[in-house]
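Below is the file final38.tsv, which contains TSV, N, CA and C atoms.
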```
chain	number	residue	atom	x	y	z
A	1	MET	N	0.84	-1.17	0.00
A	1	MET	CA	0.00	0.00	0.00
A	1	MET	C	0.89	1.24	0.00
A	2	SER	N	0.47	2.23	-0.76
A	2	SER	CA	1.21	3.48	-0.78
A	2	SER	C	0.35	4.60	-0.20
A	3	LEU	N	1.01	5.51	0.50
A	3	LEU	CA	0.32	6.64	1.11
A	3	LEU	C	-0.22	7.58	0.05
A	4	ILE	N	-1.35	8.19	0.36
A	4	ILE	CA	-1.94	9.20	-0.50
A	4	ILE	C	-1.68	10.54	0.18
A	5	HIS	N	-1.07	11.46	-0.54
A	5	HIS	CA	-0.78	12.79	-0.02
A	5	HIS	C	-1.87	13.76	-0.45
A	6	SER	N	-2.00	14.87	0.26
A	6	SER	CA	-3.07	15.83	-0.03
A	6	SER	C	-2.95	16.44	-1.42
A	7	THR	N	-1.80	16.30	-2.05
A	7	THR	CA	-1.60	16.81	-3.41
A	7	THR	C	-1.90	15.77	-4.48
A	8	ASP	N	-2.17	14.52	-4.09
A	8	ASP	CA	-2.46	13.45	-5.05
A	8	ASP	C	-3.86	13.59	-5.62
A	9	SER	N	-4.04	13.13	-6.83
A	9	SER	CA	-5.35	13.24	-7.49
A	9	SER	C	-6.42	12.40	-6.80
A	10	ASP	N	-6.02	11.34	-6.11
A	10	ASP	CA	-7.02	10.52	-5.43
A	10	ASP	C	-7.12	10.81	-3.93
A	11	PHE	N	-6.55	11.94	-3.50
A	11	PHE	CA	-6.82	12.41	-2.15
A	11	PHE	C	-8.22	13.01	-2.17
A	12	ARG	N	-9.03	12.62	-1.20
A	12	ARG	CA	-10.35	13.23	-1.08
A	12	ARG	C	-10.86	13.10	0.34
A	13	VAL	N	-11.70	14.06	0.69
A	13	VAL	CA	-12.40	14.05	1.96
A	13	VAL	C	-13.88	14.13	1.63
A	14	CYS	N	-14.65	13.24	2.24
A	14	CYS	CA	-16.08	13.14	1.94
A	14	CYS	C	-16.85	13.01	3.25
A	15	GLN	N	-18.06	13.51	3.23
A	15	GLN	CA	-18.97	13.26	4.34
A	15	GLN	C	-19.95	12.21	3.86
A	16	ILE	N	-20.08	11.13	4.62
A	16	ILE	CA	-20.98	10.05	4.22
A	16	ILE	C	-22.01	9.82	5.32
A	17	SER	N	-23.13	9.27	4.93
A	17	SER	CA	-24.18	8.97	5.90
A	17	SER	C	-23.82	7.69	6.66
A	18	PHE	N	-24.47	7.50	7.77
A	18	PHE	CA	-24.29	6.27	8.53
A	18	PHE	C	-24.72	5.07	7.68
A	19	GLY	N	-25.80	5.23	6.91
A	19	GLY	CA	-26.25	4.17	6.01
A	19	GLY	C	-25.20	3.80	4.98
A	20	MET	N	-24.50	4.79	4.44
A	20	MET	CA	-23.42	4.53	3.48
A	20	MET	C	-22.29	3.78	4.16
A	21	LEU	N	-21.97	4.15	5.40
A	21	LEU	CA	-20.92	3.44	6.14
A	21	LEU	C	-21.31	1.98	6.32
A	22	LEU	N	-22.56	1.72	6.63
A	22	LEU	CA	-23.02	0.33	6.76
A	22	LEU	C	-22.85	-0.42	5.44
A	23	SER	N	-23.16	0.23	4.33
A	23	SER	CA	-22.99	-0.40	3.01
A	23	SER	C	-21.53	-0.70	2.72
A	24	ILE	N	-20.66	0.23	3.08
A	24	ILE	CA	-19.22	0.03	2.88
A	24	ILE	C	-18.74	-1.14	3.74
A	25	GLN	N	-19.22	-1.21	4.98
A	25	GLN	CA	-18.87	-2.32	5.87
A	25	GLN	C	-19.30	-3.65	5.28
A	26	LEU	N	-20.54	-3.72	4.80
A	26	LEU	CA	-21.05	-4.97	4.22
A	26	LEU	C	-20.24	-5.38	2.99
A	27	GLU	N	-19.88	-4.42	2.17
A	27	GLU	CA	-19.07	-4.72	0.99
A	27	GLU	C	-17.69	-5.23	1.39
A	28	ALA	N	-17.11	-4.62	2.43
A	28	ALA	CA	-15.80	-5.06	2.92
A	28	ALA	C	-15.88	-6.48	3.47
A	29	GLU	N	-16.99	-6.79	4.15
A	29	GLU	CA	-17.19	-8.16	4.65
A	29	GLU	C	-17.30	-9.14	3.49
A	30	GLU	N	-18.09	-8.79	2.47
A	30	GLU	CA	-18.27	-9.67	1.31
A	30	GLU	C	-16.96	-9.93	0.58
A	31	ARG	N	-16.11	-8.92	0.51
A	31	ARG	CA	-14.82	-9.05	-0.18
A	31	ARG	C	-13.75	-9.69	0.70
A	32	GLY	N	-14.06	-9.86	1.97
A	32	GLY	CA	-13.11	-10.49	2.89
A	32	GLY	C	-11.95	-9.58	3.28
A	33	TRP	N	-12.15	-8.29	3.19
A	33	TRP	CA	-11.10	-7.36	3.55
A	33	TRP	C	-10.95	-7.30	5.06
A	34	ALA	N	-9.72	-7.23	5.52
A	34	ALA	CA	-9.45	-7.23	6.95
A	34	ALA	C	-9.64	-5.85	7.58
A	35	THR	N	-9.53	-4.80	6.79
A	35	THR	CA	-9.63	-3.46	7.34
A	35	THR	C	-11.08	-3.00	7.33
A	36	ARG	N	-11.76	-3.43	8.39
A	36	ARG	CA	-13.19	-3.17	8.59
A	36	ARG	C	-13.53	-3.58	10.01
A	37	TRP	N	-14.78	-3.38	10.42
A	37	TRP	CA	-15.23	-3.93	11.70
A	37	TRP	C	-15.50	-5.41	11.49
A	38	SER	N	-15.54	-6.16	12.56
A	38	SER	CA	-15.78	-7.59	12.45
A	38	SER	C	-17.20	-7.89	11.98
A	39	SER	N	-18.12	-6.95	12.20
A	39	SER	CA	-19.51	-7.14	11.79
A	39	SER	C	-20.23	-5.80	11.82
A	40	VAL	N	-21.41	-5.78	11.22
A	40	VAL	CA	-22.25	-4.59	11.28
A	40	VAL	C	-22.63	-4.30	12.73
A	41	ASP	N	-22.92	-5.34	13.51
A	41	ASP	CA	-23.26	-5.14	14.92
A	41	ASP	C	-22.11	-4.50	15.68
A	42	ALA	N	-20.89	-4.92	15.40
A	42	ALA	CA	-19.72	-4.33	16.05
A	42	ALA	C	-19.59	-2.85	15.67
A	43	LEU	N	-19.81	-2.54	14.41
A	43	LEU	CA	-19.77	-1.15	13.96
A	43	LEU	C	-20.84	-0.34	14.69
A	44	ARG	N	-22.06	-0.86	14.72
A	44	ARG	CA	-23.17	-0.16	15.39
A	44	ARG	C	-22.89	0.07	16.88
A	45	SER	N	-22.11	-0.83	17.50
A	45	SER	CA	-21.82	-0.69	18.92
A	45	SER	C	-20.81	0.42	19.20
A	46	GLN	N	-20.11	0.88	18.16
A	46	GLN	CA	-19.09	1.90	18.36
A	46	GLN	C	-19.39	3.23	17.68
A	47	VAL	N	-20.07	3.21	16.54
A	47	VAL	CA	-20.28	4.42	15.76
A	47	VAL	C	-21.70	4.93	15.95
A	48	LYS	N	-21.81	6.18	16.38
A	48	LYS	CA	-23.14	6.81	16.55
A	48	LYS	C	-23.77	7.01	15.18
A	49	GLU	N	-25.07	6.86	15.11
A	49	GLU	CA	-25.80	6.99	13.85
A	49	GLU	C	-25.89	8.45	13.42
A	50	ARG	N	-24.79	8.94	12.96
A	50	ARG	CA	-24.65	10.30	12.43
A	50	ARG	C	-23.77	10.22	11.19
A	51	SER	N	-23.64	11.34	10.51
A	51	SER	CA	-22.74	11.34	9.35
A	51	SER	C	-21.30	11.12	9.83
A	52	VAL	N	-20.49	10.63	8.93
A	52	VAL	CA	-19.10	10.27	9.18
A	52	VAL	C	-18.25	11.01	8.15
A	53	VAL	N	-17.06	11.44	8.54
A	53	VAL	CA	-16.16	12.08	7.60
A	53	VAL	C	-15.07	11.07	7.24
A	54	LEU	N	-14.81	10.96	5.95
A	54	LEU	CA	-13.89	9.96	5.41
A	54	LEU	C	-12.77	10.67	4.66
A	55	GLN	N	-11.55	10.20	4.83
A	55	GLN	CA	-10.40	10.73	4.09
A	55	GLN	C	-9.59	9.58	3.53
A	56	SER	N	-9.23	9.67	2.25
A	56	SER	CA	-8.36	8.65	1.67
A	56	SER	C	-6.99	8.72	2.34
A	57	LEU	N	-6.42	7.56	2.61
A	57	LEU	CA	-5.14	7.47	3.30
A	57	LEU	C	-4.11	6.72	2.47
A	58	MET	N	-4.52	5.56	1.92
A	58	MET	CA	-3.60	4.71	1.17
A	58	MET	C	-4.33	4.07	0.00
A	59	ARG	N	-3.55	3.63	-0.99
A	59	ARG	CA	-4.12	2.87	-2.10
A	59	ARG	C	-3.36	1.56	-2.24
A	60	GLU	N	-4.11	0.51	-2.51
A	60	GLU	CA	-3.49	-0.79	-2.77
A	60	GLU	C	-3.57	-1.04	-4.26
A	61	GLU	N	-2.40	-1.23	-4.87
A	61	GLU	CA	-2.34	-1.46	-6.31
A	61	GLU	C	-1.79	-2.85	-6.59
A	62	ARG	N	-2.34	-3.44	-7.62
A	62	ARG	CA	-1.81	-4.71	-8.14
A	62	ARG	C	-1.76	-4.60	-9.65
A	63	GLY	N	-0.57	-4.78	-10.19
A	63	GLY	CA	-0.41	-4.68	-11.63
A	63	GLY	C	-0.76	-3.31	-12.17
A	64	GLY	N	-0.50	-2.27	-11.38
A	64	GLY	CA	-0.77	-0.90	-11.81
A	64	GLY	C	-2.23	-0.48	-11.72
A	65	VAL	N	-3.08	-1.35	-11.15
A	65	VAL	CA	-4.50	-1.05	-11.01
A	65	VAL	C	-4.83	-0.97	-9.52
A	66	VAL	N	-5.57	0.07	-9.13
A	66	VAL	CA	-5.96	0.22	-7.73
A	66	VAL	C	-7.00	-0.83	-7.39
A	67	ARG	N	-6.70	-1.64	-6.38
A	67	ARG	CA	-7.61	-2.69	-5.92
A	67	ARG	C	-8.52	-2.19	-4.81
A	68	ALA	N	-7.97	-1.31	-3.94
A	68	ALA	CA	-8.74	-0.80	-2.81
A	68	ALA	C	-8.12	0.50	-2.31
A	69	TYR	N	-8.97	1.30	-1.68
A	69	TYR	CA	-8.52	2.50	-0.98
A	69	TYR	C	-8.73	2.28	0.50
A	70	ARG	N	-7.70	2.51	1.27
A	70	ARG	CA	-7.83	2.48	2.72
A	70	ARG	C	-8.11	3.92	3.15
A	71	CYS	N	-9.18	4.09	3.89
A	71	CYS	CA	-9.61	5.42	4.29
A	71	CYS	C	-9.72	5.55	5.80
A	72	LEU	N	-9.47	6.75	6.27
A	72	LEU	CA	-9.70	7.09	7.67
A	72	LEU	C	-11.15	7.51	7.83
A	73	LEU	N	-11.73	7.15	8.94
A	73	LEU	CA	-13.09	7.57	9.28
A	73	LEU	C	-13.03	8.36	10.57
A	74	LEU	N	-13.67	9.49	10.60
A	74	LEU	CA	-13.79	10.31	11.81
A	74	LEU	C	-15.26	10.31	12.17
A	75	PHE	N	-15.59	9.81	13.37
A	75	PHE	CA	-16.98	9.59	13.73
A	75	PHE	C	-17.24	9.88	15.20
A	76	SER	N	-18.52	10.10	15.52
A	76	SER	CA	-18.95	10.23	16.91
A	76	SER	C	-19.11	8.83	17.48
A	77	THR	N	-18.65	8.64	18.70
A	77	THR	CA	-18.75	7.32	19.32
A	77	THR	C	-20.07	7.16	20.05
A	78	VAL	N	-20.50	5.91	20.18
A	78	VAL	CA	-21.75	5.60	20.86
A	78	VAL	C	-21.60	5.79	22.36
A	79	GLU	N	-20.51	5.31	22.93
A	79	GLU	CA	-20.35	5.25	24.38
A	79	GLU	C	-20.25	6.61	25.05
A	80	ASP	N	-19.49	7.53	24.48
A	80	ASP	CA	-19.27	8.83	25.11
A	80	ASP	C	-19.93	9.90	24.26
A	81	GLY	N	-20.89	10.60	24.84
A	81	GLY	CA	-21.69	11.58	24.13
A	81	GLY	C	-20.96	12.53	23.21
A	82	GLY	N	-19.90	13.16	23.67
A	82	GLY	CA	-19.25	14.18	22.87
A	82	GLY	C	-17.92	13.79	22.28
A	83	THR	N	-17.53	12.54	22.41
A	83	THR	CA	-16.21	12.16	21.92
A	83	THR	C	-16.29	11.56	20.52
A	84	GLY	N	-15.13	11.56	19.89
A	84	GLY	CA	-15.04	11.00	18.54
A	84	GLY	C	-14.05	9.87	18.51
A	85	GLY	N	-14.06	9.17	17.40
A	85	GLY	CA	-13.12	8.09	17.17
A	85	GLY	C	-12.58	8.17	15.76
A	86	VAL	N	-11.44	7.55	15.56
A	86	VAL	CA	-10.82	7.45	14.25
A	86	VAL	C	-10.53	5.98	14.01
A	87	ALA	N	-10.92	5.50	12.84
A	87	ALA	CA	-10.66	4.11	12.46
A	87	ALA	C	-10.41	4.07	10.95
A	88	THR	N	-10.03	2.93	10.45
A	88	THR	CA	-9.81	2.76	9.01
A	88	THR	C	-10.76	1.73	8.45
A	89	ILE	N	-11.02	1.88	7.15
A	89	ILE	CA	-11.84	0.91	6.44
A	89	ILE	C	-11.41	0.93	4.98
A	90	ASP	N	-11.50	-0.22	4.32
A	90	ASP	CA	-11.16	-0.30	2.90
A	90	ASP	C	-12.41	-0.13	2.04
A	91	LEU	N	-12.22	0.55	0.91
A	91	LEU	CA	-13.30	0.78	-0.05
A	91	LEU	C	-12.88	0.30	-1.42
A	92	ALA	N	-13.84	-0.21	-2.17
A	92	ALA	CA	-13.61	-0.55	-3.57
A	92	ALA	C	-13.43	0.74	-4.36
A	93	PRO	N	-12.60	0.74	-5.39
A	93	PRO	CA	-12.38	1.96	-6.18
A	93	PRO	C	-13.67	2.56	-6.74
A	94	GLU	N	-14.61	1.72	-7.16
A	94	GLU	CA	-15.87	2.22	-7.73
A	94	GLU	C	-16.65	3.01	-6.67
A	95	ARG	N	-16.72	2.48	-5.48
A	95	ARG	CA	-17.42	3.16	-4.39
A	95	ARG	C	-16.70	4.45	-4.06
A	96	PHE	N	-15.38	4.37	-3.94
A	96	PHE	CA	-14.57	5.53	-3.61
A	96	PHE	C	-14.80	6.67	-4.61
A	97	GLN	N	-14.79	6.35	-5.90
A	97	GLN	CA	-14.98	7.36	-6.93
A	97	GLN	C	-16.38	7.97	-6.90
A	98	SER	N	-17.36	7.25	-6.37
A	98	SER	CA	-18.74	7.72	-6.37
A	98	SER	C	-19.05	8.71	-5.24
A	99	LEU	N	-18.17	8.82	-4.26
A	99	LEU	CA	-18.42	9.67	-3.11
A	99	LEU	C	-18.26	11.15	-3.46
A	100	GLU	N	-19.14	11.97	-2.91
A	100	GLU	CA	-19.08	13.41	-3.16
A	100	GLU	C	-17.99	14.05	-2.32
A	101	ARG	N	-17.15	14.81	-2.98
A	101	ARG	CA	-15.99	15.42	-2.32
A	101	ARG	C	-16.34	16.71	-1.60
A	102	LEU	N	-15.65	16.93	-0.47
A	102	LEU	CA	-15.73	18.20	0.24
A	102	LEU	C	-14.47	19.05	0.01
A	103	ASP	N	-13.46	18.48	-0.60
A	103	ASP	CA	-12.13	19.08	-0.61
A	103	ASP	C	-11.69	19.63	-1.97
A	104	ARG	N	-12.59	20.10	-2.76
A	104	ARG	CA	-12.21	20.58	-4.11
A	104	ARG	C	-11.32	21.82	-4.07
A	105	ASP	N	-11.52	22.68	-3.11
A	105	ASP	CA	-10.71	23.88	-2.97
A	105	ASP	C	-9.37	23.50	-2.31
A	106	PRO	N	-8.24	23.92	-2.86
A	106	PRO	CA	-6.93	23.55	-2.28
A	106	PRO	C	-6.75	23.96	-0.82
A	107	ASP	N	-7.27	25.14	-0.45
A	107	ASP	CA	-7.14	25.57	0.95
A	107	ASP	C	-7.98	24.70	1.87
A	108	VAL	N	-9.16	24.35	1.43
A	108	VAL	CA	-10.02	23.46	2.21
A	108	VAL	C	-9.36	22.10	2.34
A	109	ARG	N	-8.77	21.60	1.27
A	109	ARG	CA	-8.08	20.31	1.29
A	109	ARG	C	-7.00	20.30	2.35
A	110	LYS	N	-6.20	21.37	2.42
A	110	LYS	CA	-5.13	21.46	3.41
A	110	LYS	C	-5.68	21.44	4.83
A	111	VAL	N	-6.74	22.19	5.05
A	111	VAL	CA	-7.34	22.25	6.39
A	111	VAL	C	-7.91	20.89	6.79
A	112	LEU	N	-8.63	20.25	5.89
A	112	LEU	CA	-9.21	18.94	6.21
A	112	LEU	C	-8.12	17.90	6.46
A	113	ALA	N	-7.06	17.95	5.68
A	113	ALA	CA	-5.94	17.02	5.91
A	113	ALA	C	-5.35	17.26	7.30
A	114	ARG	N	-5.26	18.51	7.69
A	114	ARG	CA	-4.73	18.86	9.02
A	114	ARG	C	-5.66	18.38	10.13
A	115	VAL	N	-6.97	18.52	9.92
A	115	VAL	CA	-7.95	18.05	10.91
A	115	VAL	C	-7.76	16.56	11.16
A	116	PHE	N	-7.62	15.79	10.09
A	116	PHE	CA	-7.43	14.35	10.25
A	116	PHE	C	-6.09	14.05	10.93
A	117	SER	N	-5.07	14.79	10.58
A	117	SER	CA	-3.77	14.59	11.21
A	117	SER	C	-3.85	14.83	12.71
A	118	LEU	N	-4.51	15.91	13.11
A	118	LEU	CA	-4.68	16.20	14.53
A	118	LEU	C	-5.54	15.15	15.22
A	119	ALA	N	-6.60	14.74	14.55
A	119	ALA	CA	-7.49	13.72	15.14
A	119	ALA	C	-6.73	12.43	15.41
A	120	MET	N	-5.88	12.05	14.46
A	120	MET	CA	-5.11	10.81	14.65
A	120	MET	C	-4.12	10.94	15.79
A	121	GLY	N	-3.54	12.10	15.96
A	121	GLY	CA	-2.55	12.30	17.01
A	121	GLY	C	-3.12	12.68	18.35
A	122	GLY	N	-4.32	13.29	18.34
A	122	GLY	CA	-4.85	13.82	19.59
A	122	GLY	C	-6.06	13.10	20.14
A	123	ILE	N	-6.61	12.18	19.38
A	123	ILE	CA	-7.76	11.41	19.81
A	123	ILE	C	-7.34	9.95	19.86
A	124	ALA	N	-7.68	9.28	20.92
A	124	ALA	CA	-7.32	7.87	21.02
A	124	ALA	C	-7.98	7.09	19.89
A	125	MET	N	-7.21	6.24	19.25
A	125	MET	CA	-7.78	5.39	18.19
A	125	MET	C	-8.81	4.46	18.80
A	126	ALA	N	-9.91	4.26	18.10
A	126	ALA	CA	-10.95	3.35	18.57
A	126	ALA	C	-10.62	1.95	18.07
A	127	SER	N	-10.50	1.02	18.99
A	127	SER	CA	-10.23	-0.36	18.61
A	127	SER	C	-11.50	-0.97	18.05
A	128	LYS	N	-11.38	-1.60	16.88
A	128	LYS	CA	-12.54	-2.27	16.29
A	128	LYS	C	-12.80	-3.57	17.02
A	129	LYS	N	-14.05	-3.91	17.14
A	129	LYS	CA	-14.43	-5.15	17.82
A	129	LYS	C	-14.54	-6.26	16.81
```
If you took the structure in this file and wrote it as structure tokens, what would it be?
Amino acid sequence: MSLIHSTDSDFRVCQISFGMLLSIQLEAEERGWATRWSSVDALRSQVKERSVVLQSLMREERGGVVRAYRCLLLFSTVEDGGTGGVATIDLAPERFQSLERLDRDPDVRKVLARVFSLAMGGIAMASKK
């Protein structure tokens, strides 16, 4: 897997619904990808039913073709009312390309990349169940 930088064409930040996150989880389960929650129930036990912010982090390529995107998720946790969590999940390239971007403006892209960087360093990572 190679890192995606904020200047790369496939860097993106998207806001997705909780329902979309469930769909991504189910697709990851069907594909047998390890970077996901162990089940939809495990996801529901940790992620509050609110929108989630997603940022591309890495790409997995085989034979010059992207097989999957590993993305960071920033979400509200179920257990603690005002706290958030950061976790990773893999997405199929088709799904990844279909998501609506929030980061089209270069200045916005830099700020959102910084938000995720701070979240990863300043918020305890949520262990997936």
Which value, in Å to one decimal, gives the distance between atom CA of A:Ser38 and atom N of A:Lys129? 6.2 Å
Restricting to all atoms listed in the file, whichever of A:Phe11, A:Tyr69, A:Phe18, A:Trp33 is closest to A:Glu94 is A:Tyr69
Helix (DSSP H, G or I) call set, DSSP backbone run, stretch 1-128 of chain A, as number ranges by chain: A: 18-31, 40-46, 93-98, 106-122
Which residues, protein or nucleic acid, reach to within 6.5 Å of (-13.8, -1.1, 15.2) in the file's coordinates when using all atoms listed in the file, and can you give that as a VMD selection string? chain A and resid 36 to 38 42 to 43 126 to 129
For each of A:Val53, A:Ala119, A:Val47, A:Leu74, take the minimum atom-to-atom distance to A:Ile16, counting only C-alpha atoms, then give the residue where this is smallest.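 Between A:Val53, A:Ala119, A:Val47, A:Leu74, the residue approaching A:Ile16 most closely is A:Val53.
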Return the single residue from A:Val111, A:Met120, A:Val13, A:Ile89 that is closest to A:Ala68, with distances computed using only C-alpha atoms.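 Of the candidates, the smallest distance to A:Ala68 is held by A:Ile89.
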Residues near A:Leu54, cut-off 8 Å, only N, CA and C atoms, skip fewer than 5 positions along chain, as number ranges by chain: A: 12-16, 71-75
Between A:Leu3, A:Val108, A:Leu22, A:Ala34, which has the minimum distance to A:Met58 (counting all atoms listed in the file)? A:Leu3
For each of A:Val52, A:Val40, A:Leu26, A:Val66, take the minimum atom-to-atom distance to A:Met1, counting only C-alpha atoms, then give the residue where this is smallest. A:Val66
What does the distance from atom CA of A:Arg67 to atom CA of A:Ala28 come to in Å, to one decimal?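 Atom CA of A:Arg67 sits 12.3 Å away from atom CA of A:Ala28.
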Using only N, CA and C atoms, which of A:Ser2, A:Ser23, A:Ser117, A:Ser76 sits nearest A:Arg59?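 That would be A:Ser2, the residue with the smallest distance to A:Arg59.
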To one decimal place in Å, what is the distance between atom CA of A:Asp90 and atom CA of A:Thr35? 5.7 Å
Axis-aligned box for all listed atoms of stretch 110-114 of chain A, 5 Å per side, centre and edges in Å to one decimal, as JSON:
```
{"center_x": -7.0, "center_y": 19.6, "center_z": 6.3, "size_x": 14.5, "size_y": 15.2, "size_z": 17.7}
```
Using DSSP on the backbone coordinates, identify all residues within stretch 5-129 of chain A classified as strand (DSSP E); present the result as a PyMOL selection string. chain A and resi 13-16+52-62+65-76+84-91
